[in-house]
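A quick write-up on the structure given underneath.
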Amino acid sequence: MIDRRQLILASGSALLLSGCDRLNGNPAFRQVLRSAEGLTMRAQRLVTDRTALAREYSEADMSPIFRSNGTRLPDTPDYARHLAERFTNYRLRVDGLVTKPLSLSLEQIRALPVRTQVTRHDCVEGWSAIGKWHGVPLGLLLKGAGLSSRARFVVFHCMDRLGGRPYYESIDLVDAFHPQTILAWGMNNRALEVPHGAPLRLRVERQLGYKHAKFVERIEAVESLAGIHGGRGGYWEDSGDYEWYAGI
Ligand SMILES: Nc1nc2c(c(=O)[nH]1)N[C@H]1C(S)=C(S)[C@@H](COP(=O)(O)O)O[C@H]1N2
Ligand SMILES: [Mo]
């Protein structure tokens, strides 16, 4: 685990890098980052590599069993109805700091460009599994919705509750526009199954499992996380269990 000082260093530099893609690719600039004193190896990796791709695997590497974790079946009447209707009346909303709020059916989402990736899921509880995911790049949806330049975070509102509190998560724009960040409607060549977050779940491959919000029904672009639920950007973050940034 990384400590807070490293996090602050990493997030400050990530902001710098997000506006400086060309600098980031410049060997001299990378050398400066590498030689910066006082940074640990871990922090340097975060500073330089937040836009790097997570490792992708081959079909042969796929786990025969991919366990599910957390909510396996949301226990609300709304979710029961969606399930009974096979999600035909489900809509994904994309709103907040956007100029063109979206409301998309599953059919519409599946008609958008698809990215497929075989990646390893790492849960903070100490298990991993390799699976294949099919979905639409989140960046594409955000562009389609006309993301405002004021937006700094993207919040995922889920349909399940744990102990009476709704599950939610959030990421910054570096991760939101990362090419492997997708909203997955499929897994292992099939429609996404309920325990894995049907009808739609986030894959944010450079972060730990709890950031991968399942059962997503609303994506909200915000300037600050302060006004959302407990204000720390996620269900486990609000309860003080896990850090907001869970980079791997
Ligand atoms: N809505 C929602 N998303 C969630 C959770 C949850 O309980 N509810 N659990 C998280 C955790 S801790 C993990 S490890 C992964 C598990 O994904 P899986 O069930 O597909 O293995 O989902 C994450 N996303
Ligand atoms: Mo997890």
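We name chains A, B, ... following the order of the structure tokens; residues begin at 1 in each chain, and ligands are numbered from 1 as shown.
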
Residue set, range 20-233 of chain A restricted to alpha helix (DSSP H), as number ranges by chain | A: 21-24, 27-35, 41-49, 77-84, 106-110, 138-144, 173-176

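Using only C-alpha atoms and all ligand atoms, residues with at least one atom at most 6 Å away from any atom of ligand 2 are Cys123, Val124, Glu125, Gly209 and Tyr210 of chain A.
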
With all heavy atoms retained, could you export that selection as a PDB file, in the first residue's frame?
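Writing the result to again-v9.pdb gives the following:
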```
ATOM      1  N   CYS A 123      -8.292  -8.115  -6.198  1.00  0.00           N
ATOM      2  CA  CYS A 123      -9.100  -7.650  -5.059  1.00  0.00           C
ATOM      3  C   CYS A 123      -8.194  -7.386  -3.876  1.00  0.00           C
ATOM      4  O   CYS A 123      -7.256  -8.140  -3.618  1.00  0.00           O
ATOM      5  CB  CYS A 123     -10.169  -8.683  -4.699  1.00  0.00           C
ATOM      6  SG  CYS A 123     -11.078  -8.259  -3.198  1.00  0.00           S
ATOM      7  N   VAL A 124      -8.509  -6.348  -3.140  1.00  0.00           N
ATOM      8  CA  VAL A 124      -7.732  -5.942  -1.971  1.00  0.00           C
ATOM      9  C   VAL A 124      -7.760  -7.035  -0.891  1.00  0.00           C
ATOM     10  O   VAL A 124      -6.886  -7.099  -0.042  1.00  0.00           O
ATOM     11  CB  VAL A 124      -8.275  -4.587  -1.439  1.00  0.00           C
ATOM     12  CG1 VAL A 124      -9.627  -4.743  -0.771  1.00  0.00           C
ATOM     13  CG2 VAL A 124      -7.308  -3.905  -0.510  1.00  0.00           C
ATOM     14  N   GLU A 125      -8.758  -7.910  -0.975  1.00  0.00           N
ATOM     15  CA  GLU A 125      -8.848  -8.996   0.014  1.00  0.00           C
ATOM     16  C   GLU A 125      -7.859 -10.129  -0.282  1.00  0.00           C
ATOM     17  O   GLU A 125      -7.786 -11.103   0.466  1.00  0.00           O
ATOM     18  CB  GLU A 125     -10.280  -9.552   0.061  1.00  0.00           C
ATOM     19  CG  GLU A 125     -11.269  -8.544   0.624  1.00  0.00           C
ATOM     20  CD  GLU A 125     -12.719  -8.946   0.390  1.00  0.00           C
ATOM     21  OE1 GLU A 125     -12.991 -10.139   0.169  1.00  0.00           O
ATOM     22  OE2 GLU A 125     -13.573  -8.045   0.406  1.00  0.00           O
ATOM     23  N   GLY A 209      -9.848  -3.929  -7.299  1.00  0.00           N
ATOM     24  CA  GLY A 209     -11.205  -4.387  -7.569  1.00  0.00           C
ATOM     25  C   GLY A 209     -12.338  -3.516  -7.045  1.00  0.00           C
ATOM     26  O   GLY A 209     -13.358  -3.367  -7.717  1.00  0.00           O
ATOM     27  N   TYR A 210     -12.179  -2.963  -5.862  1.00  0.00           N
ATOM     28  CA  TYR A 210     -13.333  -2.236  -5.293  1.00  0.00           C
ATOM     29  C   TYR A 210     -13.693  -0.971  -6.071  1.00  0.00           C
ATOM     30  O   TYR A 210     -14.794  -0.442  -5.929  1.00  0.00           O
ATOM     31  CB  TYR A 210     -13.130  -1.935  -3.791  1.00  0.00           C
ATOM     32  CG  TYR A 210     -11.989  -0.998  -3.450  1.00  0.00           C
ATOM     33  CD1 TYR A 210     -12.175   0.379  -3.396  1.00  0.00           C
ATOM     34  CD2 TYR A 210     -10.731  -1.503  -3.132  1.00  0.00           C
ATOM     35  CE1 TYR A 210     -11.140   1.226  -3.054  1.00  0.00           C
ATOM     36  CE2 TYR A 210      -9.682  -0.663  -2.791  1.00  0.00           C
ATOM     37  CZ  TYR A 210      -9.884   0.699  -2.751  1.00  0.00           C
ATOM     38  OH  TYR A 210      -8.851   1.537  -2.411  1.00  0.00           O
TER      39      TYR A 210
END
```

Name the residues, by chain letter and number, that sit within 9 Å of ligand 1 using only C-alpha atoms and all ligand atoms, and give them as a PyMOL selection string.
-> chain A and resi 66-72+74+121-125+127-129+156-162+166-169+193-197+201-202+208-216+235-236

Which parts of range 139-208 of chain A does DSSP call strand (DSSP E or B) when run on the backbone here, written out as number ranges by chain?
-> A: 147, 153-162, 165-172, 182-187, 190-191, 201-203, 207

Selection: 6 Å around Val204 in chain A, only C-alpha atoms, excl. self and same-chain fewer than 2 positions, as number ranges by chain = A: 181, 206-207

Selection above as a file: all heavy atoms, as a JSON list (two decimals), in the first residue's frame:
```json
[["chain", "number", "residue", "atom", "x", "y", "z"],
["A", 181, "THR", "N", -10.22, 1.79, -19.79],
["A", 181, "THR", "CA", -11.35, 2.04, -18.88],
["A", 181, "THR", "C", -12.64, 1.93, -19.69],
["A", 181, "THR", "O", -12.92, 2.77, -20.55],
["A", 181, "THR", "CB", -11.22, 3.41, -18.21],
["A", 181, "THR", "OG1", -10.01, 3.43, -17.44],
["A", 181, "THR", "CG2", -12.40, 3.69, -17.30],
["A", 206, "ARG", "N", -6.25, -0.10, -14.09],
["A", 206, "ARG", "CA", -5.06, 0.29, -13.32],
["A", 206, "ARG", "C", -5.36, 0.47, -11.84],
["A", 206, "ARG", "O", -4.55, 1.00, -11.09],
["A", 206, "ARG", "CB", -4.47, 1.59, -13.90],
["A", 206, "ARG", "CG", -3.97, 1.47, -15.35],
["A", 206, "ARG", "CD", -2.79, 0.51, -15.48],
["A", 206, "ARG", "NE", -1.76, 0.79, -14.48],
["A", 206, "ARG", "CZ", -0.84, 1.74, -14.59],
["A", 206, "ARG", "NH1", -0.77, 2.47, -15.68],
["A", 206, "ARG", "NH2", 0.04, 1.96, -13.63],
["A", 207, "GLN", "N", -6.56, 0.02, -11.43],
["A", 207, "GLN", "CA", -6.89, 0.13, -10.00],
["A", 207, "GLN", "C", -7.45, -1.18, -9.44],
["A", 207, "GLN", "O", -7.89, -2.06, -10.18],
["A", 207, "GLN", "CB", -7.90, 1.26, -9.78],
["A", 207, "GLN", "CG", -7.33, 2.64, -10.13],
["A", 207, "GLN", "CD", -7.88, 3.75, -9.27],
["A", 207, "GLN", "OE1", -8.01, 3.62, -8.06],
["A", 207, "GLN", "NE2", -8.21, 4.86, -9.88]]
```

Write out, as a tab-separated table, each residue of range 121-176 of chain A that has an atom at most 6 Å from range 82-100 of chain A, together with the closest pair of atoms and their distance in Å to one decimal, counting only C-alpha atoms, rows going by chain and rising number.
```
residue	atom	partner	partner_atom	distance
A:Ala145	CA	A:Lys100	CA	4.7
A:Gly146	CA	A:Thr99	CA	5.0
A:Leu147	CA	A:Val98	CA	4.4
A:Ser148	CA	A:Val98	CA	5.2
A:Ala151	CA	A:Leu97	CA	5.9
```

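Each of A:Ser63, A:Ser170, A:Asn188, A:Ser149 was checked against Gly233 in chain A using only C-alpha atoms; the smallest atom-to-atom distance is that of A:Ser170.
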
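Going from CA of Ala111 in chain A to CA of Glu220 in chain A covers 21.7 Å.
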
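Of the listed residues A:Asn189, A:Thr116, A:Gln180, A:Ser239, the one whose atoms come nearest to Ala52 in chain A is A:Gln180, with distances taken using only C-alpha atoms.
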